Structure formats: C-alpha cells, structure tokens
>>> print(open('target13.txt').read())   # compact mmCIF, C-alpha atoms and all ligand atoms
# COMPACT_ATOMS: atom_id res chain seq x y z
CA MET A 365 22.62 10.23 24.24
CA ALA A 366 22.59 12.51 27.26
CA GLU A 367 18.91 13.38 27.44
CA ARG A 368 16.51 11.01 25.79
CA PRO A 369 14.70 12.72 22.90
CA VAL A 370 10.93 13.04 23.09
CA VAL A 371 9.08 11.09 20.36
CA PHE A 372 5.40 11.61 19.61
CA VAL A 373 4.12 8.18 18.55
CA THR A 374 0.86 8.73 16.68
CA ARG A 375 -0.48 5.12 16.86
CA ARG A 376 -0.11 2.00 19.00
CA LEU A 377 2.77 -0.11 17.65
CA PRO A 378 3.75 -3.78 18.08
CA ALA A 379 4.72 -4.50 21.71
CA ALA A 380 8.41 -5.22 20.98
CA VAL A 381 8.73 -1.92 19.13
CA GLU A 382 7.03 0.08 21.89
CA ALA A 383 9.28 -1.58 24.48
CA ARG A 384 12.50 -0.68 22.66
CA LEU A 385 11.22 2.81 21.95
CA ALA A 386 10.55 3.38 25.66
CA GLU A 387 14.12 2.29 26.53
CA ARG A 388 15.74 4.85 24.25
CA PHE A 389 13.28 7.72 23.99
CA VAL A 390 10.62 9.51 26.01
CA PRO A 391 7.41 8.61 24.15
CA ILE A 392 4.28 10.71 23.93
CA PRO A 393 2.02 7.73 23.24
CA ASN A 394 -1.46 7.30 21.81
CA SER A 395 -2.52 4.75 24.42
CA GLU A 396 -6.10 4.45 23.17
CA ASP A 397 -4.98 4.39 19.53
CA ARG A 398 -7.30 7.31 18.79
CA ALA A 399 -7.64 8.94 15.38
CA TRP A 400 -6.22 12.39 16.15
CA THR A 401 -7.44 15.52 14.39
CA ALA A 402 -4.86 17.73 12.68
CA GLU A 403 -4.96 20.11 15.68
CA GLU A 404 -4.39 17.28 18.14
CA LEU A 405 -1.46 15.98 16.10
CA VAL A 406 0.15 19.41 15.94
CA GLU A 407 -0.42 20.09 19.64
CA ARG A 408 1.40 16.88 20.62
CA ALA A 409 4.13 17.15 18.01
CA ARG A 410 4.99 20.61 19.31
CA ARG A 411 6.15 18.96 22.53
CA ALA A 412 8.38 16.42 20.73
CA ASP A 413 11.79 16.29 19.05
CA ALA A 414 10.57 13.61 16.64
CA VAL A 415 7.32 12.14 15.34
CA LEU A 416 6.86 8.45 14.64
CA THR A 417 3.83 8.52 12.40
CA THR A 418 1.94 6.12 10.12
CA ALA A 419 0.10 6.32 6.81
CA THR A 420 -3.15 7.09 8.65
CA GLU A 421 -1.98 10.61 9.57
CA ARG A 422 -1.75 13.33 6.96
CA TRP A 423 1.04 15.89 7.48
CA THR A 424 0.28 18.96 5.41
CA ALA A 425 2.62 21.89 4.76
CA GLU A 426 0.73 23.96 7.36
CA MET A 427 1.03 21.26 10.01
CA LEU A 428 4.73 20.77 9.33
CA ALA A 429 5.31 24.53 9.51
CA ALA A 430 3.50 24.61 12.85
CA VAL A 431 5.80 21.97 14.40
CA ALA A 432 9.06 22.76 12.59
CA GLY A 433 10.55 24.76 15.45
CA ARG A 434 10.73 21.66 17.64
CA VAL A 435 10.32 18.54 15.49
CA ARG A 436 13.49 17.66 13.60
CA ILE A 437 12.61 14.27 12.18
CA LEU A 438 9.47 12.46 11.10
CA ALA A 439 9.85 8.67 10.85
CA THR A 440 6.91 7.06 9.09
CA PHE A 441 5.93 3.48 9.82
CA SER A 442 5.26 2.84 6.12
CA VAL A 443 7.07 2.58 2.85
CA GLY A 444 4.61 5.00 1.25
CA THR A 445 5.15 8.70 1.98
CA ASP A 446 2.17 10.16 0.13
CA HIS A 447 0.62 11.25 3.47
CA ILE A 448 3.48 13.70 4.08
CA ASP A 449 4.14 16.91 2.18
CA LEU A 450 7.76 16.02 1.40
CA GLU A 451 8.46 19.29 -0.35
CA ALA A 452 7.38 21.24 2.73
CA ALA A 453 9.46 18.98 4.98
CA ARG A 454 12.50 19.60 2.78
CA ARG A 455 11.92 23.36 2.87
CA LEU A 456 11.49 23.36 6.63
CA GLY A 457 14.55 21.18 7.24
CA ILE A 458 12.57 18.29 8.72
CA VAL A 459 14.14 14.91 7.96
CA VAL A 460 11.69 12.20 6.77
CA THR A 461 12.44 8.47 6.89
CA HIS A 462 10.37 5.44 5.84
CA THR A 463 10.49 1.62 5.99
CA PRO A 464 11.61 0.14 2.66
CA ASP A 465 12.38 -3.54 1.92
CA VAL A 466 10.89 -5.12 5.03
CA LEU A 467 7.32 -5.16 3.74
CA THR A 468 8.07 -6.28 0.19
CA GLU A 469 7.34 -9.99 0.60
CA ALA A 470 4.28 -9.54 2.85
CA THR A 471 2.70 -7.07 0.43
CA ALA A 472 3.50 -9.24 -2.60
CA ASP A 473 1.77 -12.14 -0.82
CA VAL A 474 -1.36 -10.03 -0.44
CA ALA A 475 -1.26 -9.06 -4.11
CA LEU A 476 -1.33 -12.77 -4.94
CA LEU A 477 -4.08 -13.28 -2.38
CA CYS A 478 -6.10 -10.61 -4.19
CA LEU A 479 -5.36 -12.10 -7.61
CA LEU A 480 -6.40 -15.55 -6.49
CA GLY A 481 -9.29 -14.36 -4.33
CA ALA A 482 -10.76 -12.31 -7.17
CA ALA A 483 -10.07 -14.84 -9.95
CA ARG A 484 -11.42 -17.80 -7.97
CA ARG A 485 -14.44 -15.92 -6.56
CA ALA A 486 -13.29 -16.67 -3.02
CA PHE A 487 -15.59 -14.13 -1.41
CA GLU A 488 -18.78 -15.59 -2.94
CA ALA A 489 -17.77 -19.15 -2.13
CA GLN A 490 -16.89 -18.37 1.47
CA ARG A 491 -19.95 -16.20 2.00
CA ASP A 492 -22.27 -19.01 0.84
CA LEU A 493 -20.48 -21.67 2.85
CA ARG A 494 -20.67 -19.68 6.08
CA ALA A 495 -24.32 -18.77 5.46
CA GLY A 496 -25.25 -22.43 5.02
CA VAL A 497 -26.39 -21.67 1.46
CA TRP A 498 -23.95 -24.11 -0.15
CA THR A 499 -25.55 -27.52 -0.31
CA ARG A 500 -23.31 -29.65 -2.51
CA TRP A 501 -20.51 -29.64 -5.04
CA SER A 502 -21.60 -28.48 -8.43
CA PRO A 503 -19.96 -28.89 -11.86
CA THR A 504 -20.94 -25.32 -12.69
CA GLY A 505 -20.64 -23.59 -9.33
CA TYR A 506 -18.21 -20.74 -8.56
CA LEU A 507 -16.38 -21.00 -11.84
CA GLY A 508 -13.39 -18.73 -11.81
CA LEU A 509 -10.32 -18.05 -13.91
CA GLU A 510 -6.97 -19.82 -13.78
CA LEU A 511 -3.82 -17.82 -13.33
CA HIS A 512 -1.76 -20.46 -15.09
CA GLY A 513 -1.05 -19.59 -18.73
CA ARG A 514 -2.40 -16.05 -18.46
CA THR A 515 -0.62 -12.71 -18.66
CA LEU A 516 -0.14 -10.52 -15.63
CA GLY A 517 0.63 -6.84 -16.17
CA ILE A 518 2.52 -5.07 -13.41
CA VAL A 519 2.33 -1.31 -13.14
CA GLY A 520 5.43 -0.16 -11.26
CA MET A 521 8.27 -2.66 -11.15
CA GLY A 522 9.88 -1.58 -7.89
CA ARG A 523 10.67 -3.93 -5.01
CA ILE A 524 7.06 -5.07 -4.52
CA GLY A 525 6.29 -5.30 -8.25
CA ARG A 526 9.33 -7.55 -8.74
CA ALA A 527 8.35 -9.75 -5.80
CA VAL A 528 4.89 -10.15 -7.38
CA ALA A 529 6.51 -11.00 -10.74
CA ARG A 530 8.55 -13.77 -9.08
CA ARG A 531 5.43 -15.24 -7.52
CA ALA A 532 3.42 -14.95 -10.75
CA ARG A 533 6.07 -16.88 -12.67
CA GLY A 534 5.74 -19.64 -10.08
CA PHE A 535 2.05 -19.75 -10.97
CA GLY A 536 2.90 -20.22 -14.65
CA MET A 537 1.96 -16.69 -15.73
CA THR A 538 3.60 -14.57 -18.38
CA VAL A 539 4.59 -11.25 -16.84
CA ARG A 540 4.71 -7.89 -18.60
CA TYR A 541 5.38 -4.56 -16.93
CA HIS A 542 5.44 -0.84 -17.32
CA ASN A 543 7.94 1.29 -15.49
CA ARG A 544 9.23 4.71 -16.44
CA ARG A 545 12.59 3.11 -17.18
CA ARG A 546 13.37 -0.41 -18.27
CA LEU A 547 15.07 -2.42 -15.52
CA PRO A 548 18.40 -4.16 -16.10
CA PRO A 549 17.68 -7.73 -17.28
CA GLU A 550 18.83 -9.28 -13.99
CA LEU A 551 16.07 -7.38 -12.16
CA GLU A 552 13.30 -8.02 -14.69
CA GLU A 553 12.30 -11.42 -13.33
CA GLY A 554 11.78 -12.55 -16.93
CA ALA A 555 9.09 -9.91 -17.48
CA ILE A 556 8.57 -8.03 -20.75
CA TRP A 557 8.88 -4.24 -20.55
CA HIS A 558 6.44 -1.82 -22.19
CA GLU A 559 7.52 1.74 -22.60
CA THR A 560 4.00 3.08 -22.12
CA LEU A 561 1.13 1.97 -19.96
CA ASP A 562 -1.19 2.22 -22.95
CA GLU A 563 0.92 -0.38 -24.76
CA LEU A 564 0.93 -2.74 -21.80
CA LEU A 565 -2.77 -2.79 -20.92
CA PRO A 566 -4.28 -4.60 -23.96
CA HIS A 567 -2.04 -7.63 -23.19
CA CYS A 568 -3.16 -8.10 -19.59
CA ALA A 569 -5.82 -10.59 -18.51
CA PHE A 570 -4.65 -9.71 -14.99
CA LEU A 571 -3.33 -6.38 -13.78
CA SER A 572 -1.62 -5.57 -10.48
CA VAL A 573 -0.71 -2.04 -9.43
CA HIS A 574 2.53 -1.31 -7.51
CA CYS A 575 3.37 2.33 -8.01
CA PRO A 576 3.39 5.00 -5.29
CA GLY A 577 0.38 7.21 -4.60
CA THR A 578 2.09 10.42 -5.64
CA PRO A 579 0.01 13.32 -7.03
CA GLU A 580 1.38 12.50 -10.52
CA ASN A 581 0.04 8.94 -10.24
CA ARG A 582 -3.47 10.01 -9.22
CA HIS A 583 -5.91 8.19 -11.53
CA LEU A 584 -3.04 6.82 -13.60
CA LEU A 585 -5.58 4.13 -14.41
CA ASP A 586 -8.44 6.36 -15.44
CA ARG A 587 -11.57 5.42 -17.38
CA ARG A 588 -9.81 5.59 -20.74
CA ARG A 589 -6.92 3.37 -19.66
CA LEU A 590 -9.16 0.86 -17.88
CA ALA A 591 -11.01 0.50 -21.17
CA LEU A 592 -7.74 -0.64 -22.81
CA LEU A 593 -7.74 -3.83 -20.72
CA PRO A 594 -9.21 -6.90 -22.41
CA ARG A 595 -12.78 -7.88 -21.66
CA GLY A 596 -12.94 -10.20 -18.65
CA ALA A 597 -9.82 -8.76 -16.98
CA VAL A 598 -9.06 -9.03 -13.27
CA VAL A 599 -7.68 -5.85 -11.68
CA VAL A 600 -5.85 -5.82 -8.36
CA ASN A 601 -4.64 -2.89 -6.27
CA THR A 602 -2.46 -3.26 -3.18
CA ALA A 603 -0.58 0.04 -3.67
CA ARG A 604 -2.65 3.18 -3.06
CA GLY A 605 -6.32 3.72 -3.83
CA ASN A 606 -5.88 6.98 -5.70
CA VAL A 607 -3.82 5.33 -8.48
CA ILE A 608 -7.06 3.91 -9.96
CA ASP A 609 -10.20 5.92 -10.70
CA GLU A 610 -12.37 3.88 -8.35
CA ALA A 611 -15.70 5.06 -9.81
CA ALA A 612 -14.56 3.96 -13.29
CA LEU A 613 -13.35 0.64 -11.90
CA LEU A 614 -16.71 0.00 -10.26
CA GLU A 615 -18.50 0.86 -13.50
CA ALA A 616 -16.31 -1.57 -15.46
CA LEU A 617 -17.07 -4.31 -12.94
CA ASP A 618 -20.81 -3.57 -12.92
CA SER A 619 -21.01 -3.54 -16.70
CA GLY A 620 -19.44 -7.00 -16.85
CA ARG A 621 -16.37 -5.73 -18.70
CA PHE A 622 -14.14 -6.96 -15.87
CA PHE A 623 -14.43 -10.43 -14.40
CA ALA A 624 -13.48 -9.40 -10.87
CA VAL A 625 -11.39 -6.96 -8.85
CA GLY A 626 -9.21 -7.41 -5.77
CA LEU A 627 -8.63 -4.37 -3.58
CA ASP A 628 -6.54 -3.97 -0.45
CA VAL A 629 -6.54 -0.16 -0.74
CA PHE A 630 -9.23 2.42 -1.49
CA GLU A 631 -9.42 5.99 -2.69
CA ASN A 632 -10.91 7.51 0.44
CA GLU A 633 -9.59 5.29 3.20
CA PRO A 634 -10.89 4.67 5.76
CA ASP A 635 -14.22 5.83 4.24
CA VAL A 636 -14.59 3.05 1.72
CA ASP A 637 -17.28 3.55 -0.93
CA HIS A 638 -20.07 1.31 0.40
CA ARG A 639 -21.08 0.21 -3.07
CA TRP A 640 -18.11 -2.17 -3.05
CA PHE A 641 -19.62 -4.09 -0.15
CA THR A 642 -22.55 -5.27 -2.26
CA ARG A 643 -20.45 -6.38 -5.24
CA PRO A 644 -19.82 -10.15 -5.01
CA ARG A 645 -17.05 -10.03 -7.62
CA ALA A 646 -15.04 -7.60 -5.51
CA PHE A 647 -12.55 -9.39 -3.26
CA LEU A 648 -11.87 -6.80 -0.55
CA LEU A 649 -9.31 -6.48 2.21
CA PRO A 650 -8.80 -3.63 4.71
CA HIS A 651 -5.25 -2.48 3.77
CA ILE A 652 -3.47 -5.50 5.26
CA GLY A 653 -0.61 -5.71 2.75
CA SER A 654 2.12 -5.40 5.37
CA ALA A 655 0.14 -6.90 8.25
CA THR A 656 2.27 -9.83 9.38
CA VAL A 657 3.87 -10.20 12.79
CA GLU A 658 7.36 -10.25 11.28
CA THR A 659 6.86 -7.30 8.95
CA ARG A 660 5.17 -4.97 11.41
CA ASP A 661 7.95 -5.57 13.96
CA ALA A 662 10.55 -4.97 11.25
CA MET A 663 8.82 -1.75 10.14
CA GLY A 664 8.90 -0.49 13.72
CA PHE A 665 12.57 -1.35 14.13
CA ARG A 666 13.36 0.42 10.85
CA CYS A 667 11.78 3.58 12.32
CA LEU A 668 13.80 3.19 15.52
CA GLU A 669 17.06 2.65 13.59
CA SER A 670 16.43 5.91 11.77
CA LEU A 671 15.59 7.83 14.96
CA GLU A 672 18.54 6.39 16.86
CA ALA A 673 20.98 7.22 14.06
CA PHE A 674 19.60 10.73 13.71
CA PHE A 675 19.87 11.58 17.40
CA ALA A 676 23.35 10.04 17.58
CA GLY A 677 24.42 12.50 14.87
CA ARG A 678 24.59 9.90 12.10
CA GLU A 679 22.80 9.82 8.75
CA PRO A 680 19.46 8.02 9.23
CA PRO A 681 19.56 4.86 7.09
CA HIS A 682 16.07 5.04 5.56
CA ARG A 683 15.93 8.72 4.69
CA VAL A 684 13.58 10.09 2.04
CA VAL A 685 14.11 13.81 2.66
C1 LIG A 701 2.93 1.26 3.51
O1 LIG A 701 3.91 0.92 4.17
O2 LIG A 701 2.96 2.22 2.74
C2 LIG A 701 1.69 0.46 3.69
O3 LIG A 701 0.72 0.79 2.78
C3 LIG A 701 1.16 0.66 5.10
O4 LIG A 701 0.81 1.96 5.28
>>> encode(input="target13.txt", output="structure tokens", more="lines below")
Ligand code: DGY
Amino acid sequence: MAERPVVFVTRRLPAAVEARLAERFVPIPNSEDRAWTAEELVERARRADAVLTTATERWTAEMLAAVAGRVRILATFSVGTDHIDLEAARRLGIVVTHTPDVLTEATADVALLCLLGAARRAFEAQRDLRAGVWTRWSPTGYLGLELHGRTLGIVGMGRIGRAVARRARGFGMTVRYHNRRRLPPELEEGAIWHETLDELLPHCAFLSVHCPGTPENRHLLDRRRLALLPRGAVVVNTARGNVIDEAALLEALDSGRFFAVGLDVFENEPDVDHRWFTRPRAFLLPHIGSATVETRDAMGFRCLESLEAFFAGREPPHRVV
C-alpha cells in the first residue's frame, strides 16, 4: 500500500487491535470513547477512506449518502448488521463487512448463563447474599427450575443457535428449533425442526432467541406468540432486543405466566426500560455476549483482515454487501 488509508474508528478497541490498526492505517480515533451524534460521525467519516464502526452507531441512508463520496468500506465490529442501512450501502457502492464465527462460542456461553441464571434465580440469591440478608440454608429457599430433562426451543438455528443446542444437549435437554429452512441433519445437533414458530412454542419450557434483528424480525415474539409458550416458561434473549415485544414479555413475567427471563439485549439499548431493574425474576446482563478477551481481539482482527484485503485490491473476506 503506497499511502496508508485513513480509517475512522468510532470506538476504543482492544489494545492489540488498535496497535495493528495504527501500523497499517492512519486512524481517526475516538480517544475518549465518546458517544458521537450522527453529525459528529458524518463529519469524521467524511475525512476517511473507511469506517470501523460498532453496533452502537446507527448508519442511516442519509448518513451513508453524506459520506459516500469518500468512504468506500464500512467494517463493523459485530456480527449483527441491523445498525447499518445495508440497502443504502449497496446502492451507494459502499462495501460492508462484519465479524462472523469468532463470537459464536462466547455468545452461546452467555445464552447458557442467562438460561441458568434465570432458571436458578441467580440474581435474587446473589443480591441477598451480598446484602447480608441470607442467614442460612433453607430447604425451600431460592427454588428454581432444572434444565435437565426439559425442552429448549431455539429460534434461529444459525451458528450461535447451533452452539447453544450443543451446550443444551450436554445439560440433558431436548432441543427443538424453528428456522425458515430445515438444516441438513449433520447440522441439526440432534434438534427437532418445526416449520413454524407457532408450532414450536407450545413445546418449550425454555426458549432462546438467536435470529438477527432485521426489520422483518421486529417483534417476531409478540404478545400472541409469547402466549403460546407453556405456563412457567423461561425466556432468554441474547440476539437483539427488538425481536421480542419487551412490554409483552414484562407483562407475562409480572402476571406469573413466565417463571423468569434472561436478557443480554434490550429493545432500546442503551436506554433500558427501568422497570426491569425492579423485577427479581429478570436475570439481566448489559449486552456482554461477545465480551471475552479472545473474542473481542478476534472481532477486531476480522475487521482489519477485511480492510487490509479491500485496500490491497482483494475481495474482503467477511463481506455482507
Ligand atoms: C454483535 O456482534 O452483533 C454483538 O451483538 C455485539 O454488537
């Protein structure tokens, strides 16, 4: 590369990733890790050949049009691309890449953490212990649900859904899933396919969501569908908040229809509906699905591989658009 391309990096990244980025590109950094406004994002992107963004920045059609003259590629530090208007990027000739595969295992771990945390009432138990409220072991205290022997429904049997299915089988669960298309048997992880979501839901004592947050999937689990789950179900979401109607989910929890919920993602992140904070049967995490040292480094290097390939005139390996 003769002249190093300029890359607008919208967030602070792991140190190893920032170091390699600085060797190969001229970064426009976000040293204070500020939350930029749309205008601030556009103003900086206009000075860059590429943007390395994350799921915390929304790139609308208008913003992409405003930077299209200069920006040729947008590499997102995420597997999800719902924060980018992909259709507009395609129209404007802006390449978009993402970070598949490397966060599969970390995110599946957090789905299990949510299943266990919700089913075993981990929040209530830990809260009481730390507050000095717990005095002694009790035969009737903190009674939760066992995963073993129960049925887990998986909505979206992609890479992460399959990794969750593998783990669930290890816990002695029966796994059922809904996906638009049935997977070949060697990818099914022993799970039973249901052609429709409506057919799947009545079977599921536990439900875990793993489909993308596309506009079509908004409120895929709406009030009517949530009502198809058996009484006492545990619902977990580590995908995107908008896939579940959060108000309906809260209602189902409050009414006692659901035993517990486990959420790593929320509809209006980062403005989480405060009512969740007062619900003891809600096991809550702040979108940490991919937050391991190994995975976050690997996500950063995926972005760099794509940028390096693109500016060397090769096809970027993790291209979406
Ligand atoms: C992803 O990669 O999509 C994770 O949700 C982090 O944004």
>>> residues_around(input="target13.txt", residues="Asp618 in chain A", least_positions_apart="2", cutoff="12 Å", atoms="all atoms listed in the file", output="number ranges by chain")
A: 596, 611-616, 620-625, 639-640, 642-646
>>> residues_near_ligand(input="target13.txt", ligand="ligand LIG 701 (chain A)", cutoff="10 Å", atoms="only C-alpha atoms and all ligand atoms", output="NGL selection string")
:A and (418-420 or 440-447 or 462-468 or 471 or 576-577 or 602-604 or 628-629 or 651-655 or 659-660 or 663)
>>> closest_residue(input="target13.txt", among="A:Leu585, A:Leu385, A:Val528, A:Val685", to="Leu561 in chain A", atoms="all atoms listed in the file")
A:Leu585
>>> atom_distance(input="target13.txt", atom1="CA of Asp562 in chain A", atom2="CA of Arg589 in chain A")
6.7 Å
>>> residues_around(input="target13.txt", residues="Ala430 in chain A", least_positions_apart="3", cutoff="9 Å", atoms="only C-alpha atoms", output="list of chain:residue names")
A:Val406, A:Arg410, A:Ala425, A:Glu426, A:Met427, A:Gly433
>>> closest_residue(input="target13.txt", among="A:Pro680, A:Gly513, A:Gly664, A:Pro549", to="Ala380 in chain A", atoms="only C-alpha atoms")
A:Gly664
>>> residues_around(input="target13.txt", residues="range 572-574 of chain A", least_positions_apart="5", cutoff="6 Å", atoms="only C-alpha atoms", output="ChimeraX atom specification")
/A:518-520,525,600-601,603
>>> closest_residue(input="target13.txt", among="A:Phe665, A:Phe570, A:Phe647, A:Phe389", to="Gly517 in chain A", atoms="only C-alpha atoms")
A:Phe570
>>> residues_near_point(input="target13.txt", point="(3.9, -10.7, -15.7)", cutoff="9 Å", atoms="only C-alpha atoms", output="PyMOL selection string")
chain A and resi 514-518+528-530+532-533+537-541+553-556+568+570-571
>>> closest_residue(input="target13.txt", among="A:Gly522, A:Pro548, A:Gly605, A:Gly677", to="Cys575 in chain A", atoms="all atoms listed in the file")
A:Gly522
>>> closest_atom_pairs(input="target13.txt", of="range 423-446 of chain A", to="range 455-460 of chain A", cutoff="9 Å", atoms="all atoms listed in the file", output="JSON lines")
{"residue": "A:Leu428", "atom": "CA", "partner": "A:Leu456", "partner_atom": "CA", "distance": 7.7}
{"residue": "A:Ala429", "atom": "CA", "partner": "A:Leu456", "partner_atom": "CA", "distance": 6.9}
{"residue": "A:Ala432", "atom": "CA", "partner": "A:Leu456", "partner_atom": "CA", "distance": 6.5}
{"residue": "A:Gly433", "atom": "CA", "partner": "A:Leu456", "partner_atom": "CA", "distance": 9.0}
{"residue": "A:Val435", "atom": "CA", "partner": "A:Ile458", "partner_atom": "CA", "distance": 7.1}
{"residue": "A:Arg436", "atom": "CA", "partner": "A:Ile458", "partner_atom": "CA", "distance": 5.0}
{"residue": "A:Ile437", "atom": "CA", "partner": "A:Val459", "partner_atom": "CA", "distance": 4.5}
{"residue": "A:Leu438", "atom": "CA", "partner": "A:Val460", "partner_atom": "CA", "distance": 4.9}
{"residue": "A:Ala439", "atom": "CA", "partner": "A:Val460", "partner_atom": "CA", "distance": 5.7}
{"residue": "A:Thr440", "atom": "CA", "partner": "A:Val460", "partner_atom": "CA", "distance": 7.4}
{"residue": "A:Thr445", "atom": "CA", "partner": "A:Val460", "partner_atom": "CA", "distance": 8.8}
>>> write_last_selection(input="target13.txt", atoms="C-alpha atoms", output="mmCIF file, keeping the file's coordinate frame")
data_model
loop_
_atom_site.group_PDB
_atom_site.id
_atom_site.type_symbol
_atom_site.label_atom_id
_atom_site.label_comp_id
_atom_site.auth_asym_id
_atom_site.auth_seq_id
_atom_site.Cartn_x
_atom_site.Cartn_y
_atom_site.Cartn_z
ATOM 1 C CA LEU A 428 4.730 20.770 9.330
ATOM 2 C CA ALA A 429 5.310 24.530 9.510
ATOM 3 C CA ALA A 432 9.060 22.760 12.590
ATOM 4 C CA GLY A 433 10.550 24.760 15.450
ATOM 5 C CA VAL A 435 10.320 18.540 15.490
ATOM 6 C CA ARG A 436 13.490 17.660 13.600
ATOM 7 C CA ILE A 437 12.610 14.270 12.180
ATOM 8 C CA LEU A 438 9.470 12.460 11.100
ATOM 9 C CA ALA A 439 9.850 8.670 10.850
ATOM 10 C CA THR A 440 6.910 7.060 9.090
ATOM 11 C CA THR A 445 5.150 8.700 1.980
#
>>> axis_aligned_box(input="target13.txt", around="range 542-549 of chain A", padding_each_side="4 Å", output="AutoDock Vina command-line options")
--center_x 11.9 --center_y -1.5 --center_z -16.9 --size_x 21.0 --size_y 20.4 --size_z 10.8
>>> closest_atom_pairs(input="target13.txt", of="range 407-498 of chain A", to="range 374-379 of chain A", cutoff="8 Å", atoms="only C-alpha atoms", output="Markdown table")
| residue | atom | partner | partner_atom | distance |
| --- | --- | --- | --- | --- |
| A:Val415 | CA | A:Thr374 | CA | 7.4 |
| A:Leu416 | CA | A:Thr374 | CA | 6.3 |
| A:Thr417 | CA | A:Thr374 | CA | 5.2 |
| A:Thr418 | CA | A:Thr374 | CA | 7.1 |
| A:Glu421 | CA | A:Thr374 | CA | 7.9 |
>>> closest_residue(input="target13.txt", among="A:Arg666, A:Cys478, A:Arg500, A:Arg422", to="Glu633 in chain A", atoms="only C-alpha atoms")
A:Arg422
